[in-house]
Amino acid sequence: MGPSLPRIKSHKESPRDMRFSSTDSYVATDDLTIAVNAAVTLERPLLVKGEPGTGKTELARQVAASLGMELIEWHVKSTTRAQQGLYEYDAVSRLRDSQLGDERVHDVKNYIKKGKLWQAFEADRRVVLLIDEVDKADIEFPNDLLQELDRMEFHVYETGETIRATNRPVVIITSNNEKELPDAFLRRCFFHYIRFPDIEVMKQIVEVHYPGIKDALLTTALTQFYEIREQAGLKKKPSTSEVLDWLKLLLAEDLDAEDLRRDAGSALPKLHGALLKNAPAAAAYRSHFRSFASIAAILSSTFGWLINQAGTDPGRAEVMRSSLVKSDFCGAVPIPAFTSSAEA
């Protein structure tokens, strides 16, 4: 039989009473909503993975707002140690104060700085604790937090006290999937991967941030955005946050759908610096587009000639031409209008 878990003070709201859903400023898909509520019900940390810029950090803020809880954020860096999340003891300052005869030196608590876990554990009400980008730290970082997150307690060696969670916090851990996390850590979490939104979900996200945006502008902009993302070999694909920045610039410059037509010389979307963040990416996309346009020009010319040979059925030929004009592939260049054999 395993060790007994510490008794944690019950809170008025049961996990079943607290339900997360989309907010006025955040579009949550059904599977994401289910994952958040499952983690809250199970009282386990929610581990959220996904591409950078897909809203993982913002999710924690929206969960806190939706559930009416305070948010405590711990942003992990490459040099962050797990101990810093518990507390830090400033032995150097205490030694200096002892040499100067400072009275504070007699109480070791004066030299202990509480970490984010300590703050979450001693909060009067249940809080949301965000451990952001856990994969940035050393591989041992997650293992060093296993017991503290599992038992919701830790020991302070300098004072001899044990800090226990007054109310179990809702823990949300994010990862950009840059490195694998230990199996023992994963077993203690509820896992969810945020898939990159499709164009329909992206439209909903954009509407939240820029209500009333013209549909023609939005459709044209998102079509170009997804073309960039689907380019083969692109190392850094633009994210949700970057397309929102790009649309903000387009609106600020009062550009419309017509303005977004690519310049034949550069083959890059206007204000593309918000999407493509380095010269090789821009050059690769330019090369890709030019190759595409060349093939489209040859095919559209050939298809146009074939259509014009169908003089015996002008109606059918015009339907074929209209379909080609609307197609994504041949839309890069004009398709010749139908002329009957008599006109020819």
# chains A, B, ... in the order shown; residues from 1 in each chain; ligands from 1
$ closest_atom_pairs --of "range 173-273 of chain A" --to "range 66-87 of chain A" --cutoff "12 Å" --atoms "only C-alpha atoms" --output "tab-separated table"
residue	atom	partner	partner_atom	distance
A:Ile173	CA	A:Trp74	CA	9.6
A:Thr174	CA	A:His75	CA	9.8
A:Ser175	CA	A:Val76	CA	10.2
A:Asn176	CA	A:Val76	CA	11.9
$ select_by_dssp --residues "range 54-293 of chain A" --states "strand (DSSP E)" --output "ChimeraX atom specification"
/A:70-75,87-89,112-114,127-132,153-156,161-164,170-175,190-194
$ atom_distance --atom1 "CA of Thr219 in chain A" --atom2 "CA of Gln62 in chain A"
27.1 Å
$ atom_distance --atom1 "CA of Glu88 in chain A" --atom2 "CA of Lys113 in chain A"
5.1 Å
$ residues_around --residues "Lys214 in chain A" --least-positions-apart "5" --cutoff "12 Å" --atoms "only C-alpha atoms" --output "number ranges by chain"
A: 203, 206-207, 219-221, 247, 250-251, 254-257
$ closest_residue --among "A:Lys248, A:Arg188, A:Arg195, A:Arg126" --to "His209 in chain A" --atoms "only C-alpha atoms"
A:Lys248
$ closest_residue --among "A:Asp124, A:Asp144, A:Asp138, A:Asp90" --to "Tyr111 in chain A" --atoms "only C-alpha atoms"
A:Asp90
$ closest_atom_pairs --of "range 137-240 of chain A" --to "range 41-61 of chain A" --cutoff "12 Å" --atoms "only C-alpha atoms" --output "tab-separated table"
residue	atom	partner	partner_atom	distance
A:Pro142	CA	A:Leu47	CA	11.5
A:Leu145	CA	A:Pro45	CA	11.7
A:Leu146	CA	A:Pro45	CA	10.8
A:Glu148	CA	A:Pro45	CA	11.8
A:Leu149	CA	A:Pro45	CA	8.0
A:Asp150	CA	A:Arg44	CA	8.3
A:Arg151	CA	A:Arg44	CA	11.0
A:Met152	CA	A:Arg44	CA	10.9
A:Asn167	CA	A:Glu43	CA	11.0
A:Arg168	CA	A:Glu43	CA	7.7
A:Pro169	CA	A:Glu43	CA	8.3
A:Val170	CA	A:Pro45	CA	6.9
A:Val171	CA	A:Pro45	CA	4.6
A:Ile172	CA	A:Leu46	CA	4.8
A:Ile173	CA	A:Leu47	CA	4.7
A:Thr174	CA	A:Val48	CA	4.8
A:Ser175	CA	A:Lys49	CA	4.8
A:Asn176	CA	A:Gly50	CA	5.6
A:Asn177	CA	A:Lys49	CA	6.1
A:Glu178	CA	A:Glu51	CA	9.5
A:Lys179	CA	A:Lys49	CA	11.0
A:Glu180	CA	A:Lys49	CA	11.0
A:Leu181	CA	A:Leu47	CA	10.5
A:Phe185	CA	A:Leu47	CA	9.9
A:Leu186	CA	A:Leu47	CA	8.1
A:Arg187	CA	A:Arg44	CA	10.0
A:Arg188	CA	A:Arg44	CA	6.8
A:Cys189	CA	A:Pro45	CA	4.9
A:Phe190	CA	A:Leu46	CA	4.9
A:Phe191	CA	A:Leu47	CA	4.8
A:His192	CA	A:Val48	CA	5.1
A:Tyr193	CA	A:Lys49	CA	4.8
A:Ile194	CA	A:Gly50	CA	5.0
A:Arg195	CA	A:Gly50	CA	6.5
A:Phe196	CA	A:Thr54	CA	6.8
A:Pro197	CA	A:Thr54	CA	8.4
A:Asp198	CA	A:Thr54	CA	12.0
A:Met202	CA	A:Thr54	CA	10.8
A:Ile205	CA	A:Gly55	CA	10.7
A:Lys236	CA	A:Pro52	CA	9.8
A:Lys237	CA	A:Glu51	CA	9.1
A:Pro238	CA	A:Gly53	CA	8.4
A:Ser239	CA	A:Gly53	CA	5.2
A:Thr240	CA	A:Thr54	CA	5.6
$ decode --residues "range 62-182 of chain A" --atoms "C-alpha atoms" --output "short mmCIF file (atom, residue, chain, number, x, y, z; two decimals), in the first residue's frame"
data_model
loop_
_atom_site.label_atom_id
_atom_site.label_comp_id
_atom_site.auth_asym_id
_atom_site.auth_seq_id
_atom_site.Cartn_x
_atom_site.Cartn_y
_atom_site.Cartn_z
CA GLN A 62 -8.53 32.32 -19.91
CA VAL A 63 -9.08 29.32 -17.63
CA ALA A 64 -8.37 31.53 -14.62
CA ALA A 65 -10.78 34.20 -15.87
CA SER A 66 -13.47 31.65 -16.75
CA LEU A 67 -13.28 29.92 -13.35
CA GLY A 68 -12.95 33.17 -11.41
CA MET A 69 -9.52 32.31 -10.00
CA GLU A 70 -6.29 34.21 -9.52
CA LEU A 71 -3.50 33.28 -11.93
CA ILE A 72 0.06 32.67 -10.73
CA GLU A 73 2.54 32.47 -13.63
CA TRP A 74 5.93 30.76 -13.51
CA HIS A 75 7.81 31.31 -16.77
CA VAL A 76 10.57 28.72 -17.12
CA LYS A 77 13.93 29.58 -18.70
CA SER A 78 16.91 27.43 -19.67
CA THR A 79 18.59 28.31 -16.34
CA THR A 80 15.51 27.77 -14.15
CA ARG A 81 15.81 25.19 -11.38
CA ALA A 82 12.88 23.38 -9.79
CA GLN A 83 13.94 24.60 -6.35
CA GLN A 84 13.22 28.18 -7.43
CA GLY A 85 9.55 27.28 -7.77
CA LEU A 86 9.50 26.25 -4.10
CA TYR A 87 11.75 28.84 -2.44
CA GLU A 88 15.24 30.32 -2.50
CA TYR A 89 17.50 30.79 0.53
CA ASP A 90 19.83 33.81 0.30
CA ALA A 91 22.79 32.61 2.37
CA VAL A 92 25.10 35.30 0.98
CA SER A 93 22.91 38.15 2.20
CA ARG A 94 22.61 36.53 5.63
CA LEU A 95 26.37 36.19 5.90
CA ARG A 96 26.84 39.83 4.93
CA ASP A 97 24.23 41.00 7.44
CA SER A 98 25.87 38.94 10.19
CA GLN A 99 29.18 40.69 9.51
CA LEU A 100 27.43 44.06 9.71
CA GLY A 101 25.59 43.17 12.91
CA ASP A 102 22.11 43.41 11.36
CA GLU A 103 19.36 42.17 13.71
CA ARG A 104 17.53 40.52 10.81
CA VAL A 105 20.15 37.78 10.77
CA HIS A 106 18.57 36.07 13.79
CA ASP A 107 15.45 35.08 11.81
CA VAL A 108 16.25 32.85 8.84
CA LYS A 109 12.83 33.57 7.35
CA ASN A 110 14.09 37.03 6.40
CA TYR A 111 16.32 35.38 3.82
CA ILE A 112 13.83 33.00 2.24
CA LYS A 113 12.11 34.07 -0.95
CA LYS A 114 8.88 32.25 -1.68
CA GLY A 115 8.55 30.65 -5.11
CA LYS A 116 5.48 30.36 -7.31
CA LEU A 117 4.48 26.94 -5.94
CA TRP A 118 4.70 28.24 -2.37
CA GLN A 119 2.49 31.22 -3.32
CA ALA A 120 -0.05 28.89 -4.93
CA PHE A 121 -0.03 26.47 -1.98
CA GLU A 122 -0.64 29.14 0.67
CA ALA A 123 -3.32 31.06 -1.25
CA ASP A 124 -6.58 31.52 0.65
CA ARG A 125 -8.60 30.53 -2.42
CA ARG A 126 -7.99 28.04 -5.20
CA VAL A 127 -5.77 29.48 -7.92
CA VAL A 128 -4.54 28.57 -11.41
CA LEU A 129 -0.80 27.88 -11.47
CA LEU A 130 0.85 28.20 -14.88
CA ILE A 131 4.24 26.51 -15.39
CA ASP A 132 5.09 27.91 -18.79
CA GLU A 133 7.42 26.26 -21.35
CA VAL A 134 8.63 23.48 -19.07
CA ASP A 135 10.71 21.99 -21.91
CA LYS A 136 13.08 24.97 -21.85
CA ALA A 137 14.67 23.80 -18.61
CA ASP A 138 17.07 20.93 -17.96
CA ILE A 139 15.71 17.41 -18.50
CA GLU A 140 15.71 16.80 -14.73
CA PHE A 141 13.52 19.82 -14.04
CA PRO A 142 10.17 17.97 -14.37
CA ASN A 143 11.41 15.03 -12.28
CA ASP A 144 12.43 17.40 -9.50
CA LEU A 145 8.83 18.61 -9.20
CA LEU A 146 7.16 15.18 -9.23
CA GLN A 147 6.59 14.76 -5.52
CA GLU A 148 5.65 18.37 -4.88
CA LEU A 149 2.98 18.38 -7.59
CA ASP A 150 1.77 14.89 -6.64
CA ARG A 151 1.54 15.34 -2.86
CA MET A 152 0.97 19.12 -2.91
CA GLU A 153 3.56 19.71 -0.22
CA PHE A 154 7.28 20.34 0.26
CA HIS A 155 9.75 20.74 3.13
CA VAL A 156 11.70 23.91 3.97
CA TYR A 157 14.99 22.64 5.40
CA GLU A 158 16.18 25.98 6.76
CA THR A 159 13.11 26.44 8.99
CA GLY A 160 12.06 22.82 9.44
CA GLU A 161 8.48 23.51 8.33
CA THR A 162 6.37 21.67 5.78
CA ILE A 163 4.33 23.77 3.37
CA ARG A 164 1.07 22.08 2.33
CA ALA A 165 -1.47 23.32 -0.20
CA THR A 166 -4.42 24.95 1.53
CA ASN A 167 -6.44 24.50 -1.66
CA ARG A 168 -5.24 22.30 -4.49
CA PRO A 169 -4.38 24.66 -7.40
CA VAL A 170 -5.40 24.04 -11.00
CA VAL A 171 -2.00 23.39 -12.58
CA ILE A 172 -1.45 24.06 -16.30
CA ILE A 173 1.94 23.15 -17.79
CA THR A 174 2.87 24.19 -21.32
CA SER A 175 5.49 22.75 -23.65
CA ASN A 176 6.60 23.66 -27.18
CA ASN A 177 7.56 20.02 -27.70
CA GLU A 178 11.24 20.92 -28.09
CA LYS A 179 12.34 17.94 -25.99
CA GLU A 180 10.78 14.79 -24.58
CA LEU A 181 9.53 14.89 -21.00
CA PRO A 182 10.17 12.04 -18.53
#
